[in-house]
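Q: Have a peek at structure.cif (mmCIF, C-alpha atoms, pLDDT in the B column; chains and numbers go by the auth columns).
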```
data_run
#
loop_
_atom_site.group_PDB
_atom_site.id
_atom_site.type_symbol
_atom_site.label_atom_id
_atom_site.label_comp_id
_atom_site.label_asym_id
_atom_site.label_seq_id
_atom_site.Cartn_x
_atom_site.Cartn_y
_atom_site.Cartn_z
_atom_site.B_iso_or_equiv
_atom_site.auth_seq_id
_atom_site.auth_asym_id
ATOM 1 C CA MET A 1 -9.475 -18.796 4.804 93.00 1 A
ATOM 2 C CA SER A 2 -8.568 -22.056 3.154 95.00 2 A
ATOM 3 C CA PRO A 3 -11.264 -24.506 2.058 97.00 3 A
ATOM 4 C CA GLU A 4 -9.879 -27.021 4.560 98.00 4 A
ATOM 5 C CA THR A 5 -10.321 -24.621 7.471 97.00 5 A
ATOM 6 C CA ALA A 6 -13.832 -23.639 6.389 97.00 6 A
ATOM 7 C CA ILE A 7 -14.858 -27.277 5.999 98.00 7 A
ATOM 8 C CA LYS A 8 -13.431 -28.136 9.429 98.00 8 A
ATOM 9 C CA ALA A 9 -15.457 -25.264 10.922 98.00 9 A
ATOM 10 C CA LEU A 10 -18.612 -26.498 9.204 98.00 10 A
ATOM 11 C CA GLN A 11 -18.004 -30.061 10.358 98.00 11 A
ATOM 12 C CA PHE A 12 -17.462 -28.794 13.911 98.00 12 A
ATOM 13 C CA LEU A 13 -20.814 -27.017 13.726 98.00 13 A
ATOM 14 C CA ILE A 14 -22.527 -30.153 12.414 98.00 14 A
ATOM 15 C CA ASP A 15 -20.881 -32.360 15.056 97.00 15 A
ATOM 16 C CA HIS A 16 -21.942 -30.050 17.883 97.00 16 A
ATOM 17 C CA SER A 17 -25.443 -29.206 16.658 97.00 17 A
ATOM 18 C CA GLY A 18 -27.070 -31.986 18.681 95.00 18 A
ATOM 19 C CA ASP A 19 -30.609 -32.744 17.554 95.00 19 A
ATOM 20 C CA ARG A 20 -30.952 -29.368 15.839 96.00 20 A
ATOM 21 C CA GLN A 21 -32.268 -29.988 12.319 97.00 21 A
ATOM 22 C CA ASN A 22 -31.538 -26.563 10.810 97.00 22 A
ATOM 23 C CA ILE A 23 -28.097 -25.006 10.712 97.00 23 A
ATOM 24 C CA GLU A 24 -27.347 -21.509 9.422 97.00 24 A
ATOM 25 C CA VAL A 25 -23.993 -20.631 7.859 97.00 25 A
ATOM 26 C CA ASP A 26 -23.304 -17.063 6.761 97.00 26 A
ATOM 27 C CA PHE A 27 -20.398 -16.076 4.528 97.00 27 A
ATOM 28 C CA PHE A 28 -19.545 -12.443 5.308 94.00 28 A
ATOM 29 C CA GLY A 29 -16.773 -10.165 6.462 86.00 29 A
ATOM 30 C CA GLY A 30 -14.609 -8.471 3.950 85.00 30 A
ATOM 31 C CA GLU A 31 -15.904 -9.745 0.636 93.00 31 A
ATOM 32 C CA PRO A 32 -16.549 -13.509 0.541 95.00 32 A
ATOM 33 C CA LEU A 33 -16.641 -13.539 -3.251 96.00 33 A
ATOM 34 C CA LEU A 34 -12.923 -12.731 -3.239 96.00 34 A
ATOM 35 C CA ASN A 35 -12.454 -16.286 -1.932 96.00 35 A
ATOM 36 C CA PHE A 36 -15.151 -17.889 -4.043 97.00 36 A
ATOM 37 C CA GLU A 37 -13.394 -21.258 -4.294 97.00 37 A
ATOM 38 C CA THR A 38 -13.514 -21.685 -0.512 97.00 38 A
ATOM 39 C CA LEU A 39 -17.177 -20.682 -0.478 98.00 39 A
ATOM 40 C CA LYS A 40 -18.001 -23.196 -3.222 98.00 40 A
ATOM 41 C CA GLN A 41 -16.112 -26.098 -1.655 98.00 41 A
ATOM 42 C CA THR A 42 -17.701 -25.414 1.733 98.00 42 A
ATOM 43 C CA VAL A 43 -21.197 -25.311 0.271 98.00 43 A
ATOM 44 C CA PHE A 44 -20.619 -28.536 -1.688 98.00 44 A
ATOM 45 C CA TYR A 45 -19.352 -30.204 1.482 98.00 45 A
ATOM 46 C CA GLY A 46 -22.400 -28.941 3.358 98.00 46 A
ATOM 47 C CA ARG A 47 -24.827 -30.207 0.737 98.00 47 A
ATOM 48 C CA GLU A 48 -23.247 -33.677 0.961 98.00 48 A
ATOM 49 C CA ALA A 49 -23.386 -33.505 4.773 98.00 49 A
ATOM 50 C CA GLU A 50 -27.120 -32.784 4.576 97.00 50 A
ATOM 51 C CA ILE A 51 -27.663 -36.109 2.830 97.00 51 A
ATOM 52 C CA LYS A 52 -25.523 -37.999 5.361 97.00 52 A
ATOM 53 C CA THR A 53 -26.951 -36.348 8.489 97.00 53 A
ATOM 54 C CA GLY A 54 -30.536 -35.472 7.583 96.00 54 A
ATOM 55 C CA LYS A 55 -29.863 -31.905 8.725 97.00 55 A
ATOM 56 C CA GLN A 56 -30.613 -28.859 6.603 98.00 56 A
ATOM 57 C CA ILE A 57 -27.857 -26.306 6.199 98.00 57 A
ATOM 58 C CA HIS A 58 -28.994 -22.860 5.130 98.00 58 A
ATOM 59 C CA PHE A 59 -26.237 -20.850 3.474 98.00 59 A
ATOM 60 C CA THR A 60 -26.242 -17.058 3.214 98.00 60 A
ATOM 61 C CA VAL A 61 -23.703 -14.861 1.458 98.00 61 A
ATOM 62 C CA THR A 62 -23.325 -11.171 2.219 96.00 62 A
ATOM 63 C CA THR A 63 -21.679 -9.270 -0.618 95.00 63 A
ATOM 64 C CA ASN A 64 -21.446 -5.775 -2.008 91.00 64 A
ATOM 65 C CA GLY A 65 -22.260 -7.357 -5.384 92.00 65 A
ATOM 66 C CA ILE A 66 -19.314 -5.955 -7.308 92.00 66 A
ATOM 67 C CA LEU A 67 -17.846 -9.398 -8.078 95.00 67 A
ATOM 68 C CA LEU A 68 -21.121 -11.020 -9.102 94.00 68 A
ATOM 69 C CA ASP A 69 -20.440 -12.367 -12.572 96.00 69 A
ATOM 70 C CA LYS A 70 -22.651 -14.859 -14.415 97.00 70 A
ATOM 71 C CA ALA A 71 -20.900 -17.965 -13.025 96.00 71 A
ATOM 72 C CA LYS A 72 -21.167 -16.725 -9.426 97.00 72 A
ATOM 73 C CA GLN A 73 -24.798 -15.751 -9.930 97.00 73 A
ATOM 74 C CA GLU A 74 -25.627 -19.214 -11.266 97.00 74 A
ATOM 75 C CA PHE A 75 -23.870 -20.920 -8.358 98.00 75 A
ATOM 76 C CA ILE A 76 -25.557 -18.682 -5.784 97.00 76 A
ATOM 77 C CA ASN A 77 -28.986 -19.147 -7.351 97.00 77 A
ATOM 78 C CA ARG A 78 -28.553 -22.914 -7.305 97.00 78 A
ATOM 79 C CA TYR A 79 -26.833 -23.564 -3.950 97.00 79 A
ATOM 80 C CA ILE A 80 -27.185 -20.542 -1.647 97.00 80 A
ATOM 81 C CA ASP A 81 -30.400 -19.970 0.290 97.00 81 A
ATOM 82 C CA ASN A 82 -30.098 -16.248 0.968 97.00 82 A
ATOM 83 C CA VAL A 83 -28.188 -13.318 -0.458 96.00 83 A
ATOM 84 C CA VAL A 84 -27.635 -10.068 1.405 95.00 84 A
ATOM 85 C CA ILE A 85 -26.340 -7.059 -0.492 92.00 85 A
ATOM 86 C CA SER A 86 -24.387 -4.675 1.718 89.00 86 A
ATOM 87 C CA ILE A 87 -24.611 -1.041 0.780 83.00 87 A
ATOM 88 C CA ASP A 88 -22.304 1.445 2.431 76.00 88 A
ATOM 89 C CA GLY A 89 -23.610 4.843 3.343 76.00 89 A
ATOM 90 C CA ARG A 90 -22.515 8.298 2.355 80.00 90 A
ATOM 91 C CA LYS A 91 -18.791 8.702 1.728 79.00 91 A
ATOM 92 C CA GLU A 92 -18.276 10.679 4.940 80.00 92 A
ATOM 93 C CA VAL A 93 -20.004 8.030 7.057 76.00 93 A
ATOM 94 C CA HIS A 94 -18.310 5.157 5.266 71.00 94 A
ATOM 95 C CA ASP A 95 -14.870 6.719 5.596 74.00 95 A
ATOM 96 C CA ALA A 96 -15.436 7.585 9.258 75.00 96 A
ATOM 97 C CA VAL A 97 -15.876 3.935 10.249 69.00 97 A
ATOM 98 C CA ARG A 98 -13.258 2.322 8.008 67.00 98 A
ATOM 99 C CA SER A 99 -9.500 2.373 8.325 63.00 99 A
ATOM 100 C CA GLY A 100 -7.383 3.140 5.318 60.00 100 A
ATOM 101 C CA GLN A 101 -5.191 0.708 3.442 54.00 101 A
ATOM 102 C CA ALA A 102 -3.202 -1.665 5.653 52.00 102 A
ATOM 103 C CA GLY A 103 -5.105 -0.493 8.739 51.00 103 A
ATOM 104 C CA LYS A 104 -3.490 2.946 8.757 53.00 104 A
ATOM 105 C CA ALA A 105 -5.444 5.738 10.394 48.00 105 A
ATOM 106 C CA ARG A 106 -7.289 7.977 7.998 49.00 106 A
ATOM 107 C CA THR A 107 -7.203 11.744 8.434 49.00 107 A
ATOM 108 C CA THR A 108 -10.133 13.994 7.575 49.00 108 A
ATOM 109 C CA GLY A 109 -9.783 17.702 8.096 47.00 109 A
ATOM 110 C CA SER A 110 -8.312 18.390 11.513 43.00 110 A
ATOM 111 C CA SER A 111 -9.367 15.107 13.121 43.00 111 A
ATOM 112 C CA GLN A 112 -7.743 11.721 12.804 42.00 112 A
ATOM 113 C CA ILE A 113 -9.933 8.675 12.309 40.00 113 A
ATOM 114 C CA LEU A 114 -8.580 5.301 13.379 39.00 114 A
#
```
Could you render the structure from this file as structure tokens?
A:
Amino acid sequence: MSPETAIKALQFLIDHSGDRQNIEVDFFGGEPLLNFETLKQTVFYGREAEIKTGKQIHFTVTTNGILLDKAKQEFINRYIDNVVISIDGRKEVHDAVRSGQAGKARTTGSSQIL
């Protein structure tokens, strides 16, 4: 997702939040740290919007943690309210609920997993 699209989505949420003071925005799905620039720009926009609107925007990022380097950790510790670490289960369970590369069905033993 581009930063422009993410910011438009956040602004839409702000515009339609009525008199709600607290807004929750969660970055998840796939791995949000792969698109860290979009995450950062959206959070910066949100922090500025808090000042303009008096609303509080609570940001959460869900990550498997693999891409957490020092710079990302510092940003998250400063600007993100919550961090969720996703941990996949046993290989058999993980593989059974995930498609292979490019969405191709995965085959295990005699059964095909979509």
Q: Please, which residues are within 12 Å of (-23.3, -1.3, 0.5) by the file's coordinates, counting all atoms listed in the file, and could they come as a ChimeraX atom specification?
A: /A:30-31,62-66,84-91,93-94
Q: Could you tell me which of A:Val83, A:Ile57, A:Leu13, A:Ala96 comes closest to Phe44 in chain A if we count all atoms listed in the file?
A: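 Looking at the shortest contact to Phe44 in chain A, the residue is A:Ile57.
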Q: Can you tell me which residues surround Ile14 in chain A at a distance of at most 10 Å, considering all atoms listed in the file, apart from same-chain residues fewer than 2 positions away, and format the answer as a list in words?
A: Lys8, Ala9, Leu10, Gln11, Phe12, His16, Ser17, Gly18, Asp19, Arg20, Gln21, Asn22, Ile23, Gly46, Ala49, Glu50, Thr53, Lys55 and Ile57 of chain A
Q: Using all atoms listed in the file, which residues sit within 8 Å of Tyr79 in chain A once same-chain residues fewer than 3 positions away are excluded, as number ranges by chain?
A: A: 43, 59, 75-76
Q: Print the selection's residues with C-alpha atoms to a file, as a PDB file, keeping the file's coordinate frame.
A:
```
ATOM      1  CA  VAL A  43     -21.197 -25.311   0.271  1.00 98.00           C
ATOM      2  CA  PHE A  59     -26.237 -20.850   3.474  1.00 98.00           C
ATOM      3  CA  PHE A  75     -23.870 -20.920  -8.358  1.00 98.00           C
ATOM      4  CA  ILE A  76     -25.557 -18.682  -5.784  1.00 97.00           C
TER       5      ILE A  76
END
```
Q: I'd like to see the residues matched by the PyMOL selection byres ((chain A and resi 39) around 12) on this file, and ideally I'd get them as JSON, numbers by chain.
A: {"A": [1, 2, 3, 4, 5, 6, 7, 10, 25, 26, 27, 28, 31, 32, 33, 34, 35, 36, 37, 38, 40, 41, 42, 43, 44, 45, 46, 59, 60, 61, 62, 72, 75, 76, 79, 80]}
Q: What does the distance from CA of His58 in chain A to CA of Asp81 in chain A come to in Å, to one decimal?
A: 5.8 Å
Q: What does the structure give for the distance between CA of Glu24 in chain A and CA of Leu68 in chain A, in Å to one decimal?
A: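 Between these atoms lies a distance of 22.2 Å.
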Q: At the level of N, CA and C atoms, write range 4-30 of chain A to a file as a PDB file, in the first residue's frame, please.
A:
```pdb
ATOM      1  N   GLU A   4       0.221   7.340   0.385  1.00  0.00           N
ATOM      2  CA  GLU A   4      -0.938   8.185   0.066  1.00  0.00           C
ATOM      3  C   GLU A   4      -2.253   7.454   0.344  1.00  0.00           C
ATOM      4  N   THR A   5      -2.317   6.194  -0.013  1.00  0.00           N
ATOM      5  CA  THR A   5      -3.527   5.410   0.223  1.00  0.00           C
ATOM      6  C   THR A   5      -3.753   5.208   1.722  1.00  0.00           C
ATOM      7  N   ALA A   6      -2.693   4.891   2.443  1.00  0.00           N
ATOM      8  CA  ALA A   6      -2.816   4.681   3.887  1.00  0.00           C
ATOM      9  C   ALA A   6      -3.259   5.964   4.596  1.00  0.00           C
ATOM     10  N   ILE A   7      -2.705   7.079   4.185  1.00  0.00           N
ATOM     11  CA  ILE A   7      -3.071   8.363   4.794  1.00  0.00           C
ATOM     12  C   ILE A   7      -4.519   8.721   4.467  1.00  0.00           C
ATOM     13  N   LYS A   8      -4.953   8.450   3.239  1.00  0.00           N
ATOM     14  CA  LYS A   8      -6.356   8.692   2.886  1.00  0.00           C
ATOM     15  C   LYS A   8      -7.284   7.832   3.745  1.00  0.00           C
ATOM     16  N   ALA A   9      -6.898   6.579   3.975  1.00  0.00           N
ATOM     17  CA  ALA A   9      -7.709   5.691   4.821  1.00  0.00           C
ATOM     18  C   ALA A   9      -7.769   6.218   6.253  1.00  0.00           C
ATOM     19  N   LEU A  10      -6.642   6.682   6.765  1.00  0.00           N
ATOM     20  CA  LEU A  10      -6.627   7.235   8.118  1.00  0.00           C
ATOM     21  C   LEU A  10      -7.472   8.495   8.191  1.00  0.00           C
ATOM     22  N   GLN A  11      -7.360   9.357   7.199  1.00  0.00           N
ATOM     23  CA  GLN A  11      -8.160  10.583   7.205  1.00  0.00           C
ATOM     24  C   GLN A  11      -9.647  10.257   7.123  1.00  0.00           C
ATOM     25  N   PHE A  12     -10.009   9.254   6.330  1.00  0.00           N
ATOM     26  CA  PHE A  12     -11.399   8.814   6.251  1.00  0.00           C
ATOM     27  C   PHE A  12     -11.894   8.378   7.632  1.00  0.00           C
ATOM     28  N   LEU A  13     -11.070   7.615   8.329  1.00  0.00           N
ATOM     29  CA  LEU A  13     -11.438   7.167   9.674  1.00  0.00           C
ATOM     30  C   LEU A  13     -11.624   8.366  10.611  1.00  0.00           C
ATOM     31  N   ILE A  14     -10.716   9.301  10.562  1.00  0.00           N
ATOM     32  CA  ILE A  14     -10.814  10.499  11.406  1.00  0.00           C
ATOM     33  C   ILE A  14     -12.082  11.274  11.066  1.00  0.00           C
ATOM     34  N   ASP A  15     -12.322  11.490   9.775  1.00  0.00           N
ATOM     35  CA  ASP A  15     -13.480  12.269   9.325  1.00  0.00           C
ATOM     36  C   ASP A  15     -14.802  11.637   9.718  1.00  0.00           C
ATOM     37  N   HIS A  16     -14.839  10.321   9.820  1.00  0.00           N
ATOM     38  CA  HIS A  16     -16.085   9.610  10.102  1.00  0.00           C
ATOM     39  C   HIS A  16     -16.157   9.067  11.526  1.00  0.00           C
ATOM     40  N   SER A  17     -15.279   9.547  12.400  1.00  0.00           N
ATOM     41  CA  SER A  17     -15.251   9.038  13.769  1.00  0.00           C
ATOM     42  C   SER A  17     -16.187   9.793  14.710  1.00  0.00           C
ATOM     43  N   GLY A  18     -16.874  10.805  14.176  1.00  0.00           N
ATOM     44  CA  GLY A  18     -17.839  11.546  14.988  1.00  0.00           C
ATOM     45  C   GLY A  18     -17.194  12.144  16.230  1.00  0.00           C
ATOM     46  N   ASP A  19     -17.867  11.978  17.374  1.00  0.00           N
ATOM     47  CA  ASP A  19     -17.325  12.545  18.608  1.00  0.00           C
ATOM     48  C   ASP A  19     -16.440  11.548  19.367  1.00  0.00           C
ATOM     49  N   ARG A  20     -16.122  10.457  18.714  1.00  0.00           N
ATOM     50  CA  ARG A  20     -15.229   9.455  19.326  1.00  0.00           C
ATOM     51  C   ARG A  20     -13.854  10.086  19.541  1.00  0.00           C
ATOM     52  N   GLN A  21     -13.339  10.001  20.740  1.00  0.00           N
ATOM     53  CA  GLN A  21     -12.042  10.598  21.070  1.00  0.00           C
ATOM     54  C   GLN A  21     -10.870   9.676  20.764  1.00  0.00           C
ATOM     55  N   ASN A  22     -11.073   8.372  20.888  1.00  0.00           N
ATOM     56  CA  ASN A  22      -9.994   7.403  20.700  1.00  0.00           C
ATOM     57  C   ASN A  22     -10.222   6.606  19.426  1.00  0.00           C
ATOM     58  N   ILE A  23      -9.179   6.529  18.629  1.00  0.00           N
ATOM     59  CA  ILE A  23      -9.211   5.788  17.375  1.00  0.00           C
ATOM     60  C   ILE A  23      -8.078   4.765  17.417  1.00  0.00           C
ATOM     61  N   GLU A  24      -8.369   3.559  16.985  1.00  0.00           N
ATOM     62  CA  GLU A  24      -7.365   2.490  16.961  1.00  0.00           C
ATOM     63  C   GLU A  24      -7.016   2.157  15.519  1.00  0.00           C
ATOM     64  N   VAL A  25      -5.728   2.130  15.215  1.00  0.00           N
ATOM     65  CA  VAL A  25      -5.250   1.757  13.887  1.00  0.00           C
ATOM     66  C   VAL A  25      -4.228   0.647  14.066  1.00  0.00           C
ATOM     67  N   ASP A  26      -4.483  -0.488  13.414  1.00  0.00           N
ATOM     68  CA  ASP A  26      -3.592  -1.637  13.510  1.00  0.00           C
ATOM     69  C   ASP A  26      -2.931  -1.897  12.159  1.00  0.00           C
ATOM     70  N   PHE A  27      -1.615  -1.986  12.165  1.00  0.00           N
ATOM     71  CA  PHE A  27      -0.865  -2.373  10.973  1.00  0.00           C
ATOM     72  C   PHE A  27      -0.614  -3.874  11.072  1.00  0.00           C
ATOM     73  N   PHE A  28      -1.200  -4.653  10.161  1.00  0.00           N
ATOM     74  CA  PHE A  28      -1.017  -6.100  10.186  1.00  0.00           C
ATOM     75  C   PHE A  28      -1.301  -6.659   8.809  1.00  0.00           C
ATOM     76  N   GLY A  29      -1.181  -7.937   8.676  1.00  0.00           N
ATOM     77  CA  GLY A  29      -1.457  -8.588   7.390  1.00  0.00           C
ATOM     78  C   GLY A  29      -0.190  -8.660   6.576  1.00  0.00           C
ATOM     79  N   GLY A  30       0.221  -9.845   6.252  1.00  0.00           N
ATOM     80  CA  GLY A  30       1.537  -9.967   5.657  1.00  0.00           C
ATOM     81  C   GLY A  30       2.533  -9.553   6.711  1.00  0.00           C
TER      82      GLY A  30
END
```
